[in-house]
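Source file: data.txt. Holds: compact mmCIF, C-alpha atoms and all ligand atoms.
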```
# COMPACT_ATOMS: atom_id res chain seq x y z
CA MET A 2 -0.99 34.01 64.82
CA THR A 3 -2.62 36.89 62.93
CA ARG A 4 -6.33 36.90 62.83
CA ASP A 5 -7.99 36.41 59.48
CA ILE A 6 -11.71 36.60 58.79
CA LEU A 7 -11.38 34.33 55.76
CA LYS A 8 -9.89 31.59 57.91
CA THR A 9 -12.63 32.02 60.50
CA LEU A 10 -15.39 31.80 57.90
CA LYS A 11 -13.73 28.71 56.36
CA THR A 12 -13.49 27.07 59.80
CA GLU A 13 -17.20 27.73 60.35
CA HIS A 14 -18.00 26.19 56.95
CA ASP A 15 -16.12 23.07 58.03
CA GLU A 16 -17.97 22.97 61.35
CA LEU A 17 -21.25 23.10 59.45
CA ARG A 18 -20.10 20.34 57.09
CA GLY A 19 -19.32 18.20 60.15
CA LEU A 20 -22.76 18.80 61.66
CA PHE A 21 -24.50 17.93 58.39
CA ALA A 22 -22.43 14.75 58.13
CA GLU A 23 -23.62 13.78 61.64
CA LEU A 24 -27.20 14.59 60.73
CA LYS A 25 -26.98 12.35 57.67
CA GLU A 26 -26.09 9.41 59.95
CA THR A 27 -29.27 9.75 62.03
CA THR A 28 -32.33 7.53 61.61
CA ASP A 29 -36.06 8.32 61.65
CA ARG A 30 -36.09 7.07 65.27
CA GLY A 31 -33.38 9.52 66.32
CA VAL A 32 -35.74 12.46 66.69
CA LYS A 33 -33.95 14.08 69.67
CA LYS A 34 -30.62 13.75 67.90
CA ARG A 35 -32.03 15.27 64.71
CA GLU A 36 -33.62 18.17 66.58
CA GLY A 37 -30.41 18.83 68.50
CA LEU A 38 -28.27 18.80 65.38
CA LEU A 39 -30.65 21.05 63.45
CA GLU A 40 -30.56 23.48 66.37
CA LYS A 41 -26.75 23.45 66.34
CA ILE A 42 -26.68 23.97 62.57
CA GLU A 43 -28.96 26.99 62.80
CA GLU A 44 -27.03 28.46 65.73
CA ALA A 45 -23.87 28.23 63.61
CA LEU A 46 -25.32 29.18 60.24
CA ILE A 47 -27.51 32.16 61.10
CA PRO A 48 -24.84 34.47 62.64
CA HIS A 49 -22.40 33.44 59.89
CA ALA A 50 -24.82 34.21 57.05
CA LYS A 51 -26.22 37.39 58.60
CA TRP A 52 -22.79 38.84 59.25
CA GLU A 53 -21.71 38.05 55.71
CA GLU A 54 -24.83 39.81 54.43
CA LYS A 55 -24.52 42.84 56.69
CA VAL A 56 -20.77 43.44 56.74
CA PHE A 57 -18.63 41.22 54.55
CA TYR A 58 -20.66 41.22 51.33
CA PRO A 59 -21.18 45.02 51.28
CA ALA A 60 -17.44 45.59 51.87
CA PHE A 61 -16.67 43.09 49.09
CA LYS A 62 -19.12 44.87 46.79
CA GLU A 63 -17.36 48.21 47.21
CA ARG A 64 -14.13 46.83 45.77
CA ALA A 65 -15.36 44.16 43.39
CA ASP A 66 -14.89 44.25 39.63
CA ARG A 67 -17.58 42.93 37.28
CA GLU A 68 -16.66 39.31 37.90
CA GLY A 69 -16.68 39.93 41.63
CA LEU A 70 -20.13 41.50 41.42
CA GLN A 71 -21.45 38.44 39.60
CA THR A 72 -19.95 36.13 42.22
CA LEU A 73 -21.54 38.26 44.91
CA ALA A 74 -24.93 38.12 43.21
CA GLU A 75 -24.70 34.31 43.11
CA ALA A 76 -23.83 34.18 46.80
CA ILE A 77 -26.73 36.46 47.80
CA SER A 78 -29.14 34.48 45.66
CA GLU A 79 -28.03 31.26 47.37
CA HIS A 80 -28.50 32.81 50.81
CA HIS A 81 -32.05 33.79 49.82
CA ALA A 82 -32.84 30.32 48.47
CA VAL A 83 -31.69 28.73 51.73
CA GLU A 84 -33.49 31.26 53.92
CA ASN A 85 -36.77 31.41 52.01
CA SER A 86 -37.13 27.90 50.67
CA VAL A 87 -34.70 25.26 51.94
CA ILE A 88 -34.88 25.99 55.69
CA PRO A 89 -38.67 26.51 55.77
CA GLU A 90 -39.12 23.13 54.01
CA VAL A 91 -36.95 21.47 56.64
CA HIS A 92 -39.09 23.07 59.37
CA ALA A 93 -42.24 21.86 57.64
CA ALA A 94 -41.06 18.23 57.96
CA ASP A 95 -41.54 16.01 61.00
CA PRO A 96 -38.08 14.90 62.26
CA SER A 97 -39.24 11.26 62.44
CA THR A 98 -39.80 11.06 58.69
CA PRO A 99 -37.88 10.36 55.46
CA GLU A 100 -39.02 13.83 54.29
CA PHE A 101 -36.92 15.36 57.04
CA ALA A 102 -33.94 13.21 56.04
CA GLY A 103 -34.31 14.21 52.38
CA ARG A 104 -34.79 17.89 53.02
CA THR A 105 -31.92 18.21 55.49
CA LYS A 106 -29.72 16.39 52.96
CA VAL A 107 -30.59 19.06 50.38
CA PHE A 108 -29.97 21.74 53.02
CA GLY A 109 -26.48 20.28 53.60
CA GLU A 110 -25.78 20.09 49.88
CA PHE A 111 -26.80 23.72 49.39
CA VAL A 112 -24.60 24.89 52.24
CA ASP A 113 -21.63 22.83 51.01
CA HIS A 114 -22.00 24.12 47.45
CA HIS A 115 -22.31 27.71 48.60
CA ALA A 116 -19.37 27.41 51.00
CA LYS A 117 -17.21 25.91 48.23
CA GLU A 118 -18.02 28.82 45.89
CA GLU A 119 -17.12 31.28 48.63
CA GLU A 120 -13.88 29.50 49.42
CA LYS A 121 -12.77 28.90 45.84
CA THR A 122 -13.88 32.19 44.27
CA MET A 123 -15.00 34.92 46.63
CA PHE A 124 -12.43 34.49 49.39
CA LYS A 125 -9.66 34.32 46.77
CA MET A 126 -10.86 37.65 45.37
CA ALA A 127 -11.19 39.06 48.89
CA ARG A 128 -7.59 38.15 49.65
CA GLU A 129 -6.54 40.44 46.78
CA MET A 130 -8.95 43.21 47.75
CA PHE A 131 -8.23 43.53 51.45
CA SER A 132 -4.95 43.93 53.31
CA ALA A 133 -3.93 41.46 56.03
CA ASN A 134 -4.69 44.22 58.51
CA GLU A 135 -8.21 44.70 57.18
CA LEU A 136 -8.86 40.95 57.28
CA ALA A 137 -7.71 40.91 60.90
CA GLN A 138 -9.99 43.84 61.74
CA PHE A 139 -12.99 42.10 60.18
CA ASP A 140 -12.20 39.06 62.27
CA GLU A 141 -12.24 41.09 65.49
CA GLN A 142 -15.45 42.88 64.52
CA TYR A 143 -17.12 39.56 63.73
CA GLU A 144 -16.19 38.07 67.08
CA ASP A 145 -17.45 41.15 68.96
CA TRP A 146 -20.66 41.20 66.95
CA LYS A 147 -21.39 37.53 67.62
CA GLN A 148 -21.27 38.26 71.35
CA SER A 149 -23.50 41.33 71.10
CA ASP A 150 -27.15 41.63 72.13
CA ALA A 151 -27.95 42.80 68.62
CA ALA A 152 -26.68 39.50 67.23
CA SER A 153 -28.63 37.43 69.78
CA ALA A 154 -31.81 39.35 68.97
CA LEU A 155 -31.26 38.87 65.24
CA ILE A 156 -30.62 35.13 65.62
CA ALA A 157 -33.76 34.71 67.74
CA MET A 158 -35.79 36.61 65.16
CA GLU A 159 -34.42 34.57 62.25
CA LYS A 160 -35.19 31.32 64.08
CA THR A 161 -38.75 32.46 64.69
CA LYS A 162 -39.12 33.44 61.03
CA ALA A 163 -37.87 30.01 59.92
CA GLY A 164 -40.41 28.34 62.22
CA VAL A 165 -43.27 30.49 60.96
CA LYS A 166 -42.36 29.97 57.30
CA GLY A 167 -42.09 26.24 58.00
CA ALA A 168 -45.56 26.19 59.57
CA VAL A 169 -46.98 27.98 56.53
CA LYS A 170 -45.30 25.48 54.20
CA ALA A 171 -46.55 22.55 56.30
CA MET A 172 -50.13 23.80 55.90
CA ALA A 173 -49.68 24.05 52.14
CA GLN A 174 -48.39 20.46 51.81
FE FE B 1 -22.38 32.86 52.46
FE FE B 2 -19.87 31.57 54.31
```
The structure given in the file should be rewritten as structure tokens.
Amino acid sequence: MTRDILKTLKTEHDELRGLFAELKETTDRGVKKREGLLEKIEEALIPHAKWEEKVFYPAFKERADREGLQTLAEAISEHHAVENSVIPEVHAADPSTPEFAGRTKVFGEFVDHHAKEEEKTMFKMAREMFSANELAQFDEQYEDWKQSDAASALIAMEKTKAGVKGAVKAMAQ
């Protein structure tokens, strides 16, 4: 089967949706489960989002028309909201509390909404912009990048940032 970055990104969206669905089923007593699922979500989401921001979105921008540029601006704005507000609020909550349940539910809703917009609008545009060969090349680059030291370093840094922002938010509560 030919490789296709858009299929890979869609599959990752679905994996995230599955993890959020599992998280929603947890109770305030399931602290270990909640922590484990949040960890898995971040391990899946951070490389996905960072690669979109560093490679896919800029390539999309180069070929986008006005409508495409607006769609891109929405996507970037949603990434920022999740990174700067939604995730830090989750980290500021104790996993044994209803606050954690509420905030991770919002986190899941944000990710689902954003993923839907990408799938229904952006990826449709991208399929017109890029050849099958280009989409296959992106897919290979993404896989290589995920296994690189640069990606591991970036993921570790982003996780630390989320923790620090969460601690700051927790103090402000
Ligand atoms: Fe995205
Ligand atoms: Fe995405």
Checklist entry - Neighbours of ligand FE 1 (chain B) within 10 Å, counting only C-alpha atoms and all ligand atoms, as a VMD selection string? => result chain A and resid 10 14 46 49 to 54 57 to 58 73 75 to 80 112 115 to 120 123
Next on the checklist: I want to know what sits within 8 Å of Leu136 (chain A), based on all atoms listed in the file, with residues of the same chain fewer than 2 positions away left out; could you give that as an MDAnalysis selection string?
Outcome noted: chainID A and resid 4:7 131:134 138:140
Checklist outcome for this item: Across A:Leu24, A:Leu70, A:Met172, A:Ala60, the smallest distance to Arg104 (chain A), with all atoms listed in the file counted, is shown by A:Leu24
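Of the listed residues A:Gly31, A:Thr72, A:Asp113, A:Asp66, the one whose atoms come nearest to ligand FE 2 (chain B) is A:Asp113, with distances taken using all atoms listed in the file.
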Item to check | Separation of CA of Ala45 (chain A) from CA of Lys125 (chain A) in Å | outcome: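 It comes out at 22.9 Å.
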Checklist outcome for this item: Taken to one decimal, the CA of Met126 (chain A)-CA of Lys55 (chain A) distance is 18.5 Å
Next on the checklist: Under the rule that all atoms listed in the file are counted, which of A:Glu26, A:Ala94, A:Ala154, A:Lys121 is the nearest residue to ligand FE 2 (chain B)?
Outcome noted: A:Lys121
Next on the checklist: What's the separation between CA of Thr28 (chain A) and CA of Gly103 (chain A), in Å to one decimal place?
Outcome noted: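 Computing the Euclidean distance for CA of Thr28 (chain A) and CA of Gly103 (chain A) yields 11.6 Å.
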Checklist entry - Pick the closest to Glu16 (chain A) from A:Ile156, A:Glu84, A:Val91, A:Gly109: which is it, counting all atoms listed in the file? => result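 Of A:Ile156, A:Glu84, A:Val91, A:Gly109, the one nearest Glu16 (chain A), counting all atoms listed in the file, is A:Gly109.
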Checklist entry - So which one's closest to ligand FE 2 (chain B), A:Arg128, A:Lys25, A:His114, A:Lys162? Using all atoms listed in the file, please. => result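 Of A:Arg128, A:Lys25, A:His114, A:Lys162, the one nearest ligand FE 2 (chain B), counting all atoms listed in the file, is A:His114.
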Checklist entry - With only C-alpha atoms as the atoms that count, which of A:Ala102, A:Ala168, A:Val107, A:Ile47 lies nearest to Ser153 (chain A)? => result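 Of the candidates, the smallest distance to Ser153 (chain A) is held by A:Ile47.
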Next on the checklist: List as a PyMOL selection string the protein and nucleic acid residues near Gly37 (chain A), meaning an atom at most 12 Å away when all atoms listed in the file are counted, but skip any in the same chain fewer than 2 places from it.
Outcome noted: chain A and resi 20-21+23-24+27+31-35+39-44+96
Next on the checklist: Env of Ile88 (chain A): 10 Å cut, atoms = all atoms listed in the file, seq-sep filter 6 positions within chain, self excluded. Answer as a list in words.
Outcome noted: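 Residues meeting the cut-off are Glu43, Ala82, Arg104, Thr105, Val107, Phe108, Lys160, Ala163, Gly164, Lys166 and Gly167 of chain A.
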